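Colleague: Okay, so here is model.txt, and as you'll see once you scroll down, it has compact mmCIF, C-alpha atoms.
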```txt
# COMPACT_ATOMS: atom_id res chain seq x y z
CA MET A 1 74.40 10.16 108.01
CA LYS A 2 70.64 9.57 108.25
CA LYS A 3 69.29 6.91 105.88
CA THR A 4 66.16 8.06 104.06
CA ILE A 5 63.84 6.43 101.54
CA LEU A 6 62.20 8.85 99.10
CA TYR A 7 59.11 7.40 97.44
CA SER A 8 57.81 8.10 93.92
CA HIS A 9 54.18 6.97 93.50
CA GLY A 10 52.29 5.90 90.41
CA PHE A 11 49.62 7.45 88.20
CA GLY A 12 46.47 8.89 89.75
CA VAL A 13 47.05 7.86 93.37
CA GLU A 14 48.04 9.65 96.56
CA ARG A 15 51.42 9.63 98.28
CA ASP A 16 51.10 6.21 99.97
CA ASP A 17 50.29 4.52 96.63
CA ARG A 18 47.14 2.95 98.09
CA GLY A 19 49.06 1.38 100.96
CA LEU A 20 51.87 -0.15 98.93
CA PHE A 21 54.44 2.30 100.26
CA THR A 22 53.24 2.18 103.86
CA ASP A 23 53.64 -1.61 103.85
CA ILE A 24 57.21 -1.26 102.58
CA ALA A 25 57.96 1.44 105.17
CA ALA A 26 56.65 -0.75 108.00
CA ALA A 27 59.19 -3.43 107.04
CA LEU A 28 62.11 -0.95 107.09
CA PRO A 29 62.01 0.78 110.51
CA SER A 30 65.69 1.80 110.42
CA PHE A 31 65.01 4.26 107.58
CA ARG A 32 63.31 7.62 107.57
CA HIS A 33 60.45 7.55 105.03
CA VAL A 34 59.45 10.52 102.87
CA MET A 35 56.22 10.30 100.86
CA PHE A 36 54.61 13.21 99.02
CA ASP A 37 51.95 13.90 96.39
CA TYR A 38 52.60 14.60 92.71
CA ASN A 39 48.92 15.33 92.15
CA LEU A 40 46.46 18.01 93.27
CA ILE A 41 44.11 16.47 95.84
CA ASP A 42 40.50 17.51 96.45
CA ALA A 43 39.65 15.28 99.43
CA GLU A 44 36.12 16.63 99.88
CA ARG A 45 35.03 15.68 96.37
CA HIS A 46 37.24 12.58 96.22
CA ARG A 47 38.98 14.00 93.15
CA LEU A 48 42.58 14.09 92.06
CA THR A 49 44.10 16.16 89.24
CA VAL A 50 47.19 14.74 87.53
CA GLN A 51 50.03 17.17 86.85
CA PRO A 52 52.28 16.98 83.75
CA ILE A 53 55.14 14.55 84.15
CA ASP A 54 57.82 17.24 83.91
CA ILE A 55 56.21 19.02 86.87
CA GLN A 56 56.18 15.72 88.76
CA ALA A 57 59.89 15.28 88.04
CA ALA A 58 60.55 18.80 89.32
CA LEU A 59 58.64 18.03 92.54
CA LEU A 60 60.75 14.91 93.08
CA GLN A 61 63.90 16.94 92.40
CA LYS A 62 62.80 19.47 95.05
CA GLN A 63 62.22 16.77 97.65
CA TYR A 64 65.60 15.21 96.84
CA ASN A 65 67.42 18.56 97.03
CA GLU A 66 66.01 19.23 100.50
CA LEU A 67 67.19 15.82 101.74
CA HIS A 68 70.57 16.14 100.04
CA GLU A 69 71.13 19.58 101.56
CA ALA A 70 70.36 18.07 104.97
CA ASN A 71 73.15 15.54 104.32
CA GLU A 72 70.79 12.55 104.20
CA ASP A 73 71.67 9.30 102.44
CA VAL A 74 68.80 8.89 99.94
CA THR A 75 67.36 5.67 98.51
CA LEU A 76 64.54 5.74 95.94
CA ILE A 77 61.54 3.41 95.87
CA CYS A 78 59.30 3.93 92.85
CA HIS A 79 56.11 2.33 91.59
CA SER A 80 54.63 2.19 88.09
CA GLN A 81 54.76 5.64 86.45
CA GLY A 82 56.73 6.88 89.46
CA CYS A 83 59.68 4.95 88.06
CA LEU A 84 59.63 7.05 84.91
CA VAL A 85 59.31 10.25 86.95
CA ALA A 86 62.44 9.28 88.90
CA ALA A 87 64.34 8.54 85.69
CA LEU A 88 63.37 11.90 84.20
CA ALA A 89 64.41 13.77 87.34
CA GLN A 90 68.03 12.53 86.92
CA LEU A 91 68.85 12.70 90.61
CA PRO A 92 72.55 12.49 91.51
CA ARG A 93 74.07 10.49 94.34
CA VAL A 94 71.33 7.92 94.94
CA ALA A 95 73.07 4.73 96.01
CA LYS A 96 70.15 2.35 95.46
CA THR A 97 66.86 2.57 93.56
CA VAL A 98 63.94 0.12 93.44
CA PHE A 99 61.50 0.02 90.53
CA ILE A 100 58.25 -1.85 91.27
CA THR A 101 56.22 -2.75 88.15
CA PRO A 102 57.64 0.17 86.16
CA ALA A 103 55.82 1.67 83.19
CA GLN A 104 57.45 0.27 80.06
CA THR A 105 56.27 2.30 77.08
CA ILE A 106 54.21 5.44 76.58
CA ASN A 107 51.35 5.39 74.09
CA VAL A 108 48.65 7.97 74.77
CA ASP A 109 45.92 6.21 72.76
CA ALA A 110 46.58 2.89 74.52
CA PHE A 111 46.68 4.68 77.87
CA LEU A 112 43.27 6.30 77.30
CA LYS A 113 41.80 3.01 76.07
CA LYS A 114 42.39 1.46 79.51
CA PHE A 115 39.87 3.85 81.03
CA VAL A 116 37.34 4.50 78.24
CA ASP A 117 34.80 1.85 79.28
CA ARG A 118 34.80 2.66 82.99
CA PRO A 119 31.72 4.30 84.54
CA ASN A 120 31.86 8.09 84.92
CA THR A 121 34.69 8.40 82.39
CA VAL A 122 34.77 11.14 79.73
CA ILE A 123 37.70 11.24 77.30
CA ASP A 124 38.68 14.55 75.70
CA ARG A 125 42.12 14.29 74.07
CA ASN A 126 42.18 18.03 73.40
CA GLY A 127 40.77 19.22 76.71
CA VAL A 128 40.18 17.73 80.15
CA SER A 129 39.43 14.02 80.58
CA THR A 130 37.69 12.55 83.62
CA PHE A 131 38.47 8.98 84.69
CA GLY A 132 36.21 7.02 87.02
CA ARG A 133 38.34 4.83 89.31
CA LYS A 134 37.53 1.46 90.85
CA ASP A 135 37.58 2.90 94.37
CA GLY A 136 34.88 5.43 93.49
CA SER A 137 37.23 8.38 93.15
CA THR A 138 37.68 10.58 90.09
CA THR A 139 40.94 11.37 88.34
CA ILE A 140 41.14 14.56 86.28
CA VAL A 141 43.58 14.33 83.36
CA PRO A 142 44.27 17.59 81.50
CA LYS A 143 45.62 17.72 77.96
CA GLN A 144 48.92 19.07 79.33
CA TYR A 145 49.55 15.77 81.12
CA LEU A 146 48.86 13.70 77.99
CA ASP A 147 51.12 15.95 75.93
CA SER A 148 53.89 15.62 78.52
CA ILE A 149 54.10 11.81 78.26
CA GLU A 150 53.81 11.51 74.49
CA GLN A 151 57.44 11.83 73.34
CA ILE A 152 59.38 10.11 76.13
CA ASP A 153 62.04 7.50 75.28
CA VAL A 154 61.40 5.25 78.27
CA GLU A 155 64.21 2.76 77.59
CA ALA A 156 66.79 5.53 77.29
CA ALA A 157 65.57 7.17 80.50
CA TYR A 158 65.80 3.91 82.45
CA ARG A 159 69.22 3.00 81.09
CA ASN A 160 70.50 6.46 81.94
CA LEU A 161 69.26 6.17 85.51
CA ALA A 162 70.76 2.67 85.88
CA THR A 163 74.22 4.03 85.11
CA ARG A 164 73.97 6.36 88.13
CA THR A 165 72.50 4.08 90.80
CA GLU A 166 72.30 0.42 91.82
CA LEU A 167 68.90 -0.51 90.37
CA LEU A 168 66.51 -3.35 91.24
CA VAL A 169 63.61 -3.82 88.80
CA ILE A 170 60.66 -5.93 90.02
CA SER A 171 58.02 -6.94 87.47
CA ALA A 172 54.79 -8.81 88.23
CA LYS A 173 53.86 -12.08 86.50
CA ASP A 174 50.15 -11.17 86.38
CA ASP A 175 50.35 -7.43 85.79
CA GLU A 176 46.78 -6.56 84.78
CA VAL A 177 47.69 -2.91 84.12
CA LEU A 178 50.83 -3.19 82.00
CA ARG A 179 50.22 -6.75 80.74
CA MET A 180 53.44 -8.21 79.34
CA THR A 181 56.62 -6.30 80.16
CA ASN A 182 60.22 -6.94 79.23
CA PHE A 183 63.20 -5.23 80.81
CA ASP A 184 65.89 -7.54 79.42
CA TYR A 185 67.59 -4.48 77.92
CA LEU A 186 68.56 -3.51 81.48
CA ASN A 187 70.17 -6.83 82.37
CA ASP A 188 73.69 -5.47 81.88
CA VAL A 189 73.13 -2.43 84.14
CA ALA A 190 70.50 -3.53 86.67
CA ARG A 191 69.13 -6.47 88.63
CA VAL A 192 65.90 -7.48 86.87
CA THR A 193 63.45 -9.99 88.34
CA THR A 194 59.82 -11.08 88.14
CA LEU A 195 57.63 -12.10 91.09
CA ALA A 196 54.16 -13.57 91.39
CA GLY A 197 51.49 -10.91 91.73
CA ASP A 198 49.44 -8.21 90.05
CA HIS A 199 50.47 -4.62 89.32
CA ASN A 200 50.16 -3.58 92.97
CA PHE A 201 51.06 -6.95 94.53
CA SER A 202 47.60 -6.82 96.10
CA ASP A 203 47.55 -10.37 97.42
CA ALA A 204 49.01 -10.50 100.94
CA GLU A 205 51.40 -13.35 100.15
CA ASP A 206 52.62 -11.70 96.95
CA ARG A 207 53.14 -8.37 98.69
CA THR A 208 55.06 -10.01 101.51
CA ALA A 209 57.42 -11.64 99.02
CA MET A 210 57.93 -8.35 97.17
CA VAL A 211 58.58 -6.40 100.38
CA ARG A 212 61.04 -9.07 101.49
CA MET A 213 63.00 -8.69 98.25
CA VAL A 214 63.10 -4.91 98.63
CA SER A 215 64.26 -5.22 102.24
CA GLU A 216 67.05 -7.63 101.30
CA PHE A 217 68.21 -5.37 98.48
CA LEU A 218 68.43 -2.34 100.79
CA ARG A 219 70.45 -4.05 103.50
```
If you took the structure in this file and wrote it as structure tokens, what would it be?

Modeller:
Amino acid sequence: MKKTILYSHGFGVERDDRGLFTDIAAALPSFRHVMFDYNLIDAERHRLTVQPIDIQAALLQKQYNELHEANEDVTLICHSQGCLVAALAQLPRVAKTVFITPAQTINVDAFLKKFVDRPNTVIDRNGVSTFGRKDGSTTIVPKQYLDSIEQIDVEAAYRNLATRTELLVISAKDDEVLRMTNFDYLNDVARVTTLAGDHNFSDAEDRTAMVRMVSEFLR
């Protein structure tokens, strides 16, 4: 049976999660690696439109179904909001799952506040918001996306997933996006750990340590 890693990327990025996933894939050559986009990409204008989270979960389900039908042994690697997408998809028969800096709670007002002071950002809670990103790109966030994340019980979703897969949760000590996180409520159903690094483990040494932990877990 072919061993395949299916990746679930975070909010407002493309399939490789700004290189995070490609670095993990490079360290795991014995696996087949499947990355795909949740968002609608306009490469010419350097714009990305975020789809509602239930649509994202359905897209992950579709990718999983295709691999499952091909009799592939699927492992999940998820980052940030991609962890929540994977939990909502409720995929069966996934032996191991890795959560990297998973989103902890959903609060739309707090979410919007993270972006409000950035250049080229326009917030419209009842229409279409435009977020300027640090890399110069633009993320389009329709009201339908904000509505889709508003009523999610994140803890229940994660606990439910952890009962169906062997789960490794990796938090970052200096997570500038999520700030302080606490996943102690998963200690009885998952392996929970914290490593040095920011939300994306951007520093080369921090990323190497994180990738090493993922590799050891998937052996």

Colleague: For each of A:Asn65, A:Ile55, A:Ala70, A:Phe11, take the minimum atom-to-atom distance to A:Phe111, counting all atoms listed in the file, then give the residue where this is smallest.

Modeller: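 Among A:Asn65, A:Ile55, A:Ala70, A:Phe11, it is A:Phe11 that comes nearest to A:Phe111.
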
Colleague: Restricting the calculation to all atoms listed in the file, which member of A:Ala26, A:Leu48, A:Asp42, A:Ala196 is positioned closest to A:Phe131?

Modeller: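 With all atoms listed in the file as the atom set, the closest residue is A:Leu48.
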
Colleague: Find the residue from A:Ala27, A:Met180, A:Ala162, A:Val13 that sits nearest to A:Thr97; use only C-alpha atoms when measuring.

Modeller: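 Ranked by minimum distance to A:Thr97, first place goes to A:Ala162.
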
Colleague: Compare A:Ile106, A:Ile140, A:Ile152, A:Val74 by their minimum atom-to-atom distance to A:Val94, counting all atoms listed in the file, and give me the closest one.

Modeller: A:Val74

Colleague: From the set A:Ser80, A:Thr194, A:Thr4, A:Thr105, which residue has the shortest atom-to-atom contact distance to A:Leu67, counting all atoms listed in the file?

Modeller: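 The shortest atom-to-atom distance to A:Leu67 comes from A:Thr4.
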
Colleague: Counting only C-alpha atoms, figure out which residue out of A:Arg15, A:Lys143, A:His79, A:His68 gets nearest to A:Ala172.

Modeller: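 Among the listed residues, the smallest separation from A:Ala172 belongs to A:His79.
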
Colleague: For A:Asp16, find every residue with an atom within 8 Å (counting all atoms listed in the file), except residues of its own chain fewer than 4 positions away, and show them as a ChimeraX atom specification.

Modeller: /A:9,20-22,35-36

Colleague: Pick out the residues sitting within 12 Å of A:Ala89, and hand them over as a ChimeraX atom specification; count all atoms listed in the file, and ignore anything fewer than 6 positions along from it in its own chain.

Modeller: /A:8,53-65,76,82-83,157-158,160-161

Colleague: Can you spit out the residues from that selection as a PDB file, keeping the file's coordinate frame, using C-alpha atoms?

Modeller:
```pdb
ATOM      1  CA  SER A   8      57.810   8.100  93.920  1.00  0.00           C
ATOM      2  CA  ILE A  53      55.140  14.550  84.150  1.00  0.00           C
ATOM      3  CA  ASP A  54      57.820  17.240  83.910  1.00  0.00           C
ATOM      4  CA  ILE A  55      56.210  19.020  86.870  1.00  0.00           C
ATOM      5  CA  GLN A  56      56.180  15.720  88.760  1.00  0.00           C
ATOM      6  CA  ALA A  57      59.890  15.280  88.040  1.00  0.00           C
ATOM      7  CA  ALA A  58      60.550  18.800  89.320  1.00  0.00           C
ATOM      8  CA  LEU A  59      58.640  18.030  92.540  1.00  0.00           C
ATOM      9  CA  LEU A  60      60.750  14.910  93.080  1.00  0.00           C
ATOM     10  CA  GLN A  61      63.900  16.940  92.400  1.00  0.00           C
ATOM     11  CA  LYS A  62      62.800  19.470  95.050  1.00  0.00           C
ATOM     12  CA  GLN A  63      62.220  16.770  97.650  1.00  0.00           C
ATOM     13  CA  TYR A  64      65.600  15.210  96.840  1.00  0.00           C
ATOM     14  CA  ASN A  65      67.420  18.560  97.030  1.00  0.00           C
ATOM     15  CA  LEU A  76      64.540   5.740  95.940  1.00  0.00           C
ATOM     16  CA  GLY A  82      56.730   6.880  89.460  1.00  0.00           C
ATOM     17  CA  CYS A  83      59.680   4.950  88.060  1.00  0.00           C
ATOM     18  CA  ALA A 157      65.570   7.170  80.500  1.00  0.00           C
ATOM     19  CA  TYR A 158      65.800   3.910  82.450  1.00  0.00           C
ATOM     20  CA  ASN A 160      70.500   6.460  81.940  1.00  0.00           C
ATOM     21  CA  LEU A 161      69.260   6.170  85.510  1.00  0.00           C
TER      22      LEU A 161
END
```

Colleague: Could you list, as an MDAnalysis selection string, every residue within 12 Å of A:Lys113, counting only C-alpha atoms and ignoring same-chain residues fewer than 2 positions away?

Modeller: chainID A and resid 107:111 115:118 121:125 131 177

Colleague: Identify, on the basis of only C-alpha atoms, every residue whose closest approach to A:Thr101 does not exceed 9 Å; exclude the query and any residue fewer than 6 positions from it along the same chain; express the result as a PDB file with C-alpha atoms, keeping the file's coordinate frame.

Modeller:
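Full text of out09.pdb as output:
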```pdb
ATOM      1  CA  CYS A  78      59.300   3.930  92.850  1.00  0.00           C
ATOM      2  CA  HIS A  79      56.110   2.330  91.590  1.00  0.00           C
ATOM      3  CA  SER A  80      54.630   2.190  88.090  1.00  0.00           C
ATOM      4  CA  GLN A  81      54.760   5.640  86.450  1.00  0.00           C
ATOM      5  CA  CYS A  83      59.680   4.950  88.060  1.00  0.00           C
ATOM      6  CA  VAL A 169      63.610  -3.820  88.800  1.00  0.00           C
ATOM      7  CA  ILE A 170      60.660  -5.930  90.020  1.00  0.00           C
ATOM      8  CA  SER A 171      58.020  -6.940  87.470  1.00  0.00           C
ATOM      9  CA  ALA A 172      54.790  -8.810  88.230  1.00  0.00           C
ATOM     10  CA  ASP A 175      50.350  -7.430  85.790  1.00  0.00           C
ATOM     11  CA  LEU A 178      50.830  -3.190  82.000  1.00  0.00           C
ATOM     12  CA  THR A 181      56.620  -6.300  80.160  1.00  0.00           C
ATOM     13  CA  ASP A 198      49.440  -8.210  90.050  1.00  0.00           C
ATOM     14  CA  HIS A 199      50.470  -4.620  89.320  1.00  0.00           C
ATOM     15  CA  ASN A 200      50.160  -3.580  92.970  1.00  0.00           C
TER      16      ASN A 200
END
```

Colleague: What does the distance from atom CA of A:Leu168 to atom CA of A:Pro102 come to in Å, to one decimal?

Modeller: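 We find that atom CA of A:Leu168 and atom CA of A:Pro102 lie 10.8 Å from each other.
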
Colleague: What does the distance between atom CA of A:Leu6 and atom CA of A:Val189 come to in Å, to one decimal place?

Modeller: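 Going from atom CA of A:Leu6 over to atom CA of A:Val189, I get 21.7 Å.
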
Colleague: Mind giving me the straight-line distance from atom CA of A:Asp37 to atom CA of A:Pro119 in Å, one decimal?

Modeller: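 So the answer is 25.3 Å.
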
Colleague: May I have the residues within 12 Å of A:Ser30 as a VMD selection string, using all atoms listed in the file and disregarding those fewer than 4 positions away in the same chain?

Modeller: chain A and resid 2 to 5 24 to 26 215 218 to 219
